[in-house]
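Undergrad: Before I ask anything, here is the structure I am working with.
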There are 2 protein chains.
Amino acid sequence: MYEMVNIGSYSFEEYLEMVEFFHGAVAPGLVLGGFMVDLAIGRISEGALLDAISETRTCLPDAIQLLTPCTIGNGWLKVFDLGRFALSLYEKKEGRGVRVYLDTKKLESWPEIKSWLFKLKPKTEQDKDLLLAQMKEAGNGICGVQSVQIQPQYLMKQSLGKIAVCSECSEPYPVKDGIICRGCQGEAPYVSGLTAVDAGPEESSA
Amino acid sequence: MYEMVNIGSYSFEEYLEMVEFFHGAVAPGLVLGGFMVDLAIGRISEGALLDAISETRTCLPDAIQLLTPCTIGNGWLKVFDLGRFALSLYEKKEGRGVRVYLDTKKLESWPEIKSWLFKLKPKTEQDKDLLLAQMKEAGNGICGVQSVQIQPQYLMKQSLGKIAVCSECSEPYPVKDGIICRGCQGEAPYVSGLTAVDAGPEESSA
């Protein structure tokens with residue numbers, strides 16, 4: 001193939017470099033995910049203010065974060081852990097948009113992609129070069145597109161509301177969470193008994 | 001202040017540029033978050049394989065994704081929505097690490113930061129330049145550090161297990177989720193009745 005392959009506004013190779021920098025490795029899921037996000041962007045009205053949904057927590061959220069303005073921290077990307085390698089981009093106010101998914105019928109022509117996706121071979125027997133070559137050639141040709149309407153409860157912006165100091169840990173927390181913060185209510189992922197560590201010499205003298 | 005201020009391996013100004021590119025705006029939460037992540041990195045053994053926890057879904061996850069190898073898509077960053085502006089970095093196998101949080105006692109010297117954090121003024125009355133200047137000067141001086149041990153159940157890598165085709169939507173899904181995928185079990189965020197859209201001319205001819 002001498003055809004130029006692009007993902008978003010990047011060349012295929014530029015995109016792989018971004019993936020390696022951000023995600024830590026050229027994971028096949030980000031290559032496939034890049035083509036899927038690119039396809040979704042192309043099906044959405046230009047200039048629309050976008051929100052995104054990833055239906056898996058694996059790999060795909062990073063392709064969305066690299067190729068769209070939507071990130072976890074700005075709240076424009078939401079992850080619904082449905083176990084499906086699919087995403088939606090939608091206009092954030094009305095919730096109308098497109099969903100891109102894997103069309104398993106189209107996978108038969110790409111045995112290495114199918115084998116990777118369904119884990120038909122142990123990881124040690126995978127041919128990663130062949131896998132990436134098939135992904136580059138298949139592009140978005142193994143995807144399907146649907147129009148979607150997001151349920152209204154997911155379109156509302158959740159405000160943190162009033163902030164106060166938790167009487168237990170003395171940290172700021174949203175009052176709506178209760179009389180103490182959710183961490184002190186037992187939801188923190190730590191073994192109890194946190195030990196203070198000197199914030200150290202880097203601390204500025206205010 | 002003529003002192004050079006750095007965040008991670010970046011100058012303060014380089015970091016702000018990265019924030020604007022990735023997050024879409026120079027959000028105060030990412031500036032503060034940058035200093036917090038930087039402080040945590042400095043307290044962790046060099047060369048340790050790190051995982052990260054953000055205790056809020058607002059802003060802080062993006063500072064972590066920009067300054068560490070941990071992202072949502074590679075699974076090394078987990079978000080626990082506890083409403084606290086705090087993060088932990090920890091050695092991924094043993095779960096020992098550090099937690100950086102806001103020390104509210106230290107906020108009294110920084111009225112604009114305090115006012116922003118506790119939402120004491122309407123957003124329109126905030127002085128963003130002053131806020132960012134105070135954050136740059138305060139640096140990590142408004143933070144505290146604790147040593148933490150992550151609970152063992154959060155240290156195990158969750159494998160997707162066997163993948164099959166869902167008999168309802170025909171998409172690949174983890175068999176452990178049930179006889180049909182979680183999307184088809186009613187967890188999808190869409191109004192029902194997805195309409196197929198032609199994947200279009202970009203589709204490659206395999």
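Labeling convention for the structure tokens: chains A, B, ... as they appear, residues from 1 per chain, ligands from 1 in order of appearance.
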DSSP on the backbone, then: every residue of chain A marked strand (DSSP E or B), written as a compact mmCIF listing (two decimals) with N, CA and C atoms, in the first residue's frame.
TA:
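Saved the output as states04.txt:
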# COMPACT_ATOMS: atom_id res chain seq x y z
N ASN A 6 -4.04 8.17 7.44
CA ASN A 6 -4.09 9.17 8.50
C ASN A 6 -5.01 8.71 9.62
N ILE A 7 -4.71 9.19 10.81
CA ILE A 7 -5.61 9.01 11.96
C ILE A 7 -5.81 10.39 12.56
N TYR A 10 -3.33 13.39 12.09
CA TYR A 10 -1.95 12.90 12.15
C TYR A 10 -1.71 11.83 11.09
N SER A 11 -0.47 11.70 10.67
CA SER A 11 -0.11 10.53 9.86
C SER A 11 -0.14 9.32 10.79
N LEU A 50 -18.40 18.49 21.51
CA LEU A 50 -18.51 17.04 21.65
C LEU A 50 -18.29 16.55 23.07
N ASP A 51 -19.05 15.54 23.43
CA ASP A 51 -18.74 14.69 24.56
C ASP A 51 -18.51 13.29 24.01
N ALA A 52 -17.85 12.44 24.79
CA ALA A 52 -17.53 11.10 24.32
C ALA A 52 -17.86 10.06 25.38
N ILE A 53 -18.21 8.88 24.91
CA ILE A 53 -18.40 7.72 25.79
C ILE A 53 -17.52 6.59 25.27
N SER A 54 -16.76 5.96 26.17
CA SER A 54 -16.08 4.72 25.82
C SER A 54 -16.84 3.60 26.52
N LEU A 77 -15.22 13.06 28.59
CA LEU A 77 -15.17 11.63 28.30
C LEU A 77 -15.69 10.87 29.51
N LYS A 78 -16.69 10.02 29.25
CA LYS A 78 -17.18 9.14 30.32
C LYS A 78 -16.89 7.69 29.91
N VAL A 79 -16.51 6.88 30.89
CA VAL A 79 -16.28 5.46 30.63
C VAL A 79 -17.43 4.67 31.23
N LEU A 87 -17.32 3.12 20.92
CA LEU A 87 -17.35 4.47 21.48
C LEU A 87 -18.45 5.29 20.82
N SER A 88 -18.85 6.34 21.49
CA SER A 88 -19.77 7.30 20.90
C SER A 88 -19.23 8.71 21.05
N LEU A 89 -19.45 9.50 20.03
CA LEU A 89 -19.22 10.94 20.11
C LEU A 89 -20.57 11.59 19.89
N TYR A 90 -20.89 12.58 20.72
CA TYR A 90 -22.21 13.20 20.58
C TYR A 90 -22.16 14.67 20.97
N GLU A 91 -23.12 15.40 20.40
CA GLU A 91 -23.25 16.82 20.69
C GLU A 91 -23.71 16.92 22.15
N ARG A 96 -27.28 13.93 20.69
CA ARG A 96 -27.36 13.18 19.43
C ARG A 96 -25.96 12.96 18.87
N GLY A 97 -25.68 11.75 18.42
CA GLY A 97 -24.35 11.50 17.90
C GLY A 97 -24.22 10.18 17.20
N VAL A 98 -22.98 9.72 17.10
CA VAL A 98 -22.71 8.45 16.41
C VAL A 98 -21.95 7.50 17.32
N ARG A 99 -22.20 6.23 17.08
CA ARG A 99 -21.52 5.16 17.81
C ARG A 99 -20.74 4.34 16.79
N VAL A 100 -19.48 4.06 17.09
CA VAL A 100 -18.65 3.22 16.22
C VAL A 100 -18.32 1.94 16.98
N TYR A 101 -18.54 0.81 16.33
CA TYR A 101 -18.34 -0.49 16.98
C TYR A 101 -17.61 -1.43 16.03
N LEU A 102 -17.22 -2.59 16.53
CA LEU A 102 -16.55 -3.59 15.69
C LEU A 102 -17.59 -4.48 15.03
N CYS A 143 -15.29 -1.69 11.02
CA CYS A 143 -16.18 -1.02 11.98
C CYS A 143 -17.56 -0.80 11.39
N GLY A 144 -18.52 -0.64 12.26
CA GLY A 144 -19.84 -0.21 11.87
C GLY A 144 -20.16 1.10 12.56
N VAL A 145 -21.15 1.82 12.02
CA VAL A 145 -21.55 3.12 12.59
C VAL A 145 -23.05 3.10 12.84
N GLN A 146 -23.46 3.62 13.98
CA GLN A 146 -24.88 3.77 14.30
C GLN A 146 -25.13 5.20 14.76
N SER A 147 -26.33 5.69 14.52
CA SER A 147 -26.67 6.97 15.14
C SER A 147 -27.24 6.68 16.53
N VAL A 148 -26.89 7.52 17.49
CA VAL A 148 -27.34 7.28 18.87
C VAL A 148 -27.93 8.54 19.50
N GLN A 149 -28.74 8.31 20.49
CA GLN A 149 -29.29 9.39 21.32
C GLN A 149 -28.96 9.01 22.77
N ILE A 150 -28.20 9.88 23.44
CA ILE A 150 -27.81 9.59 24.82
C ILE A 150 -28.99 9.85 25.75
N ILE A 163 -18.69 23.26 49.08
CA ILE A 163 -17.50 22.55 49.56
C ILE A 163 -17.23 22.94 51.03
N ALA A 164 -16.95 21.96 51.86
CA ALA A 164 -16.63 22.23 53.27
C ALA A 164 -15.42 21.39 53.67
N VAL A 165 -14.98 21.60 54.92
CA VAL A 165 -13.85 20.81 55.43
C VAL A 165 -14.40 19.59 56.17
N PRO A 172 -10.94 19.34 52.07
CA PRO A 172 -12.17 19.86 51.43
C PRO A 172 -12.94 18.70 50.78
N TYR A 173 -14.28 18.76 50.87
CA TYR A 173 -15.11 17.72 50.23
C TYR A 173 -16.48 18.31 49.92
N PRO A 174 -17.22 17.70 48.99
CA PRO A 174 -18.55 18.21 48.64
C PRO A 174 -19.55 17.85 49.75
N TYR A 190 -7.43 2.56 50.77
CA TYR A 190 -6.19 2.37 51.54
C TYR A 190 -6.41 1.49 52.76
N THR A 195 0.15 7.47 57.46
CA THR A 195 1.20 8.11 58.23
C THR A 195 1.65 9.38 57.54
N ALA A 196 1.73 10.45 58.30
CA ALA A 196 2.18 11.71 57.72
C ALA A 196 3.65 11.59 57.33
N VAL A 197 3.99 12.16 56.21
CA VAL A 197 5.37 12.21 55.74
C VAL A 197 5.69 13.70 55.61
Undergrad: Skipping near chain neighbours, those fewer than 5 positions away, what residues fall within 10 Å of Pro111 of chain A using only C-alpha atoms, listed as a CSV table (one decimal) with all heavy atoms, in the first residue's frame?
TA:
chain,number,residue,atom,x,y,z
A,116,TRP,N,-6.4,-11.8,17.8
A,116,TRP,CA,-6.0,-10.9,18.9
A,116,TRP,C,-7.3,-10.5,19.7
A,116,TRP,O,-7.3,-10.6,20.9
A,116,TRP,CB,-5.4,-9.6,18.3
A,116,TRP,CG,-5.3,-8.5,19.3
A,116,TRP,CD1,-4.4,-8.3,20.3
A,116,TRP,CD2,-6.1,-7.3,19.3
A,116,TRP,NE1,-4.7,-7.2,21.0
A,116,TRP,CE2,-5.7,-6.5,20.4
A,116,TRP,CE3,-7.2,-6.9,18.5
A,116,TRP,CZ2,-6.3,-5.3,20.7
A,116,TRP,CZ3,-7.8,-5.6,18.8
A,116,TRP,CH2,-7.4,-4.9,19.9
A,117,LEU,N,-8.3,-10.2,19.0
A,117,LEU,CA,-9.6,-9.7,19.6
A,117,LEU,C,-10.2,-10.8,20.5
A,117,LEU,O,-10.7,-10.5,21.6
A,117,LEU,CB,-10.5,-9.2,18.5
A,117,LEU,CG,-11.7,-8.3,19.0
A,117,LEU,CD1,-11.2,-7.0,19.6
A,117,LEU,CD2,-12.5,-8.0,17.7
A,130,LEU,N,2.5,-8.3,12.2
A,130,LEU,CA,1.5,-8.7,11.2
A,130,LEU,C,0.1,-8.1,11.7
A,130,LEU,O,-0.7,-7.5,10.9
A,130,LEU,CB,1.4,-10.2,11.2
A,130,LEU,CG,0.2,-10.7,10.2
A,130,LEU,CD1,0.4,-10.3,8.8
A,130,LEU,CD2,0.2,-12.3,10.3
A,131,LEU,N,-0.1,-8.1,13.0
A,131,LEU,CA,-1.3,-7.5,13.6
A,131,LEU,C,-1.4,-6.1,13.3
A,131,LEU,O,-2.5,-5.6,12.8
A,131,LEU,CB,-1.3,-7.8,15.1
A,131,LEU,CG,-2.5,-7.1,15.9
A,131,LEU,CD1,-3.8,-7.7,15.4
A,131,LEU,CD2,-2.3,-7.4,17.4
A,134,GLN,N,-2.1,-5.5,9.5
A,134,GLN,CA,-3.5,-5.8,9.2
A,134,GLN,C,-4.4,-4.7,9.7
A,134,GLN,O,-5.3,-4.2,9.0
A,134,GLN,CB,-3.9,-7.1,9.8
A,134,GLN,CG,-3.3,-8.3,9.0
A,134,GLN,CD,-4.0,-9.6,9.3
A,134,GLN,OE1,-5.0,-9.7,10.1
A,134,GLN,NE2,-3.5,-10.7,8.7
Undergrad: According to DSSP computed on the backbone, where in segment 51-196 of chain B is there helix (DSSP H, G or I)? Give the residues as JSON, numbers by chain.
TA: {"B": [60, 61, 62, 63, 64, 65, 66, 67, 104, 105, 106, 107, 108, 109, 111, 112, 113, 114, 115, 116, 117, 123, 124, 125, 128, 129, 130, 131, 132, 133, 134, 135, 136, 137, 138, 139, 140, 141, 142, 152, 153, 154, 175, 176, 177, 183, 184, 185, 186, 187]}
Undergrad: Using only C-alpha atoms, which protein or nucleic acid residues come within 8 Å of Asp62 of chain B? Drop anything in the same chain fewer than 5 positions from it, and give the result as a list in words.
TA: Thr71, Ile72, Gly73 and Asn74 of chain A; His23 and Leu30 of chain B
Undergrad: Those same residues - all heavy atoms - I'd like them written as a PDB file, in the first residue's frame.
TA:
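Heads up, here's the output in result_12.pdb:
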ATOM      1  N   THR A  71     -11.460  14.493  27.691  1.00  0.00           N
ATOM      2  CA  THR A  71     -10.575  13.767  28.609  1.00  0.00           C
ATOM      3  C   THR A  71     -11.380  13.355  29.845  1.00  0.00           C
ATOM      4  O   THR A  71     -12.496  13.839  30.067  1.00  0.00           O
ATOM      5  CB  THR A  71      -9.380  14.633  29.074  1.00  0.00           C
ATOM      6  OG1 THR A  71      -9.862  15.674  29.947  1.00  0.00           O
ATOM      7  CG2 THR A  71      -8.637  15.250  27.894  1.00  0.00           C
ATOM      8  N   ILE A  72     -10.779  12.468  30.655  1.00  0.00           N
ATOM      9  CA  ILE A  72     -11.412  12.093  31.915  1.00  0.00           C
ATOM     10  C   ILE A  72     -11.481  13.314  32.836  1.00  0.00           C
ATOM     11  O   ILE A  72     -12.505  13.581  33.456  1.00  0.00           O
ATOM     12  CB  ILE A  72     -10.603  10.950  32.583  1.00  0.00           C
ATOM     13  CG1 ILE A  72     -10.817   9.640  31.811  1.00  0.00           C
ATOM     14  CG2 ILE A  72     -10.995  10.770  34.049  1.00  0.00           C
ATOM     15  CD1 ILE A  72     -12.216   9.055  31.930  1.00  0.00           C
ATOM     16  N   GLY A  73     -10.392  14.068  32.903  1.00  0.00           N
ATOM     17  CA  GLY A  73     -10.317  15.183  33.844  1.00  0.00           C
ATOM     18  C   GLY A  73     -11.183  16.377  33.487  1.00  0.00           C
ATOM     19  O   GLY A  73     -11.551  17.148  34.373  1.00  0.00           O
ATOM     20  N   ASN A  74     -11.495  16.570  32.205  1.00  0.00           N
ATOM     21  CA  ASN A  74     -12.408  17.679  31.890  1.00  0.00           C
ATOM     22  C   ASN A  74     -13.865  17.216  31.835  1.00  0.00           C
ATOM     23  O   ASN A  74     -14.770  18.040  31.606  1.00  0.00           O
ATOM     24  CB  ASN A  74     -11.973  18.461  30.630  1.00  0.00           C
ATOM     25  CG  ASN A  74     -12.102  17.684  29.321  1.00  0.00           C
ATOM     26  OD1 ASN A  74     -12.828  16.697  29.217  1.00  0.00           O
ATOM     27  ND2 ASN A  74     -11.384  18.149  28.297  1.00  0.00           N
TER      28      ASN A  74
ATOM     29  N   HIS B  23      -6.144  19.297  27.899  1.00  0.00           N
ATOM     30  CA  HIS B  23      -7.343  19.482  28.718  1.00  0.00           C
ATOM     31  C   HIS B  23      -8.305  20.501  28.096  1.00  0.00           C
ATOM     32  O   HIS B  23      -9.473  20.575  28.476  1.00  0.00           O
ATOM     33  CB  HIS B  23      -6.907  19.935  30.110  1.00  0.00           C
ATOM     34  CG  HIS B  23      -7.985  20.011  31.142  1.00  0.00           C
ATOM     35  ND1 HIS B  23      -8.464  18.905  31.807  1.00  0.00           N
ATOM     36  CD2 HIS B  23      -8.682  21.067  31.643  1.00  0.00           C
ATOM     37  CE1 HIS B  23      -9.409  19.280  32.665  1.00  0.00           C
ATOM     38  NE2 HIS B  23      -9.553  20.590  32.586  1.00  0.00           N
ATOM     39  N   LEU B  30      -5.686  21.866  37.202  1.00  0.00           N
ATOM     40  CA  LEU B  30      -4.539  21.170  36.612  1.00  0.00           C
ATOM     41  C   LEU B  30      -3.223  21.807  37.011  1.00  0.00           C
ATOM     42  O   LEU B  30      -2.193  21.134  37.018  1.00  0.00           O
ATOM     43  CB  LEU B  30      -4.653  21.113  35.091  1.00  0.00           C
ATOM     44  CG  LEU B  30      -5.217  19.759  34.647  1.00  0.00           C
ATOM     45  CD1 LEU B  30      -6.698  19.837  34.474  1.00  0.00           C
ATOM     46  CD2 LEU B  30      -4.506  19.234  33.445  1.00  0.00           C
TER      47      LEU B  30
END
Undergrad: Give me the residues near Lys105 of chain A as a ChimeraX atom specification, where near means some atom within 9 Å (using only C-alpha atoms) and where sequence neighbours in that chain fewer than 3 positions away do not count.
TA: /A:102,108,142 /B:170
Undergrad: Set the distance at 8 Å and use only C-alpha atoms: which residues neighbour Gly34 of chain B once local chain neighbours fewer than 5 positions away are removed? I'd like the list as an MDAnalysis selection string.
TA: chainID B and resid 7:8 63:64 67
Undergrad: Could you please take those selected residues and save N, CA and C atoms as a short mmCIF file (atom, residue, chain, number, x, y, z; two decimals), in the first residue's frame?
TA:
data_model
loop_
_atom_site.label_atom_id
_atom_site.label_comp_id
_atom_site.auth_asym_id
_atom_site.auth_seq_id
_atom_site.Cartn_x
_atom_site.Cartn_y
_atom_site.Cartn_z
N ILE B 7 7.42 21.81 36.87
CA ILE B 7 6.42 20.80 37.20
C ILE B 7 6.82 19.54 36.44
N GLY B 8 7.12 18.49 37.16
CA GLY B 8 7.68 17.29 36.52
C GLY B 8 8.97 17.69 35.83
N ALA B 63 -3.84 15.80 35.21
CA ALA B 63 -2.47 16.11 35.64
C ALA B 63 -1.67 14.81 35.79
N ILE B 64 -2.31 13.79 36.33
CA ILE B 64 -1.65 12.49 36.49
C ILE B 64 -1.31 11.90 35.12
N LEU B 67 1.71 13.75 33.54
CA LEU B 67 3.02 13.78 34.22
C LEU B 67 3.55 12.40 34.63
#
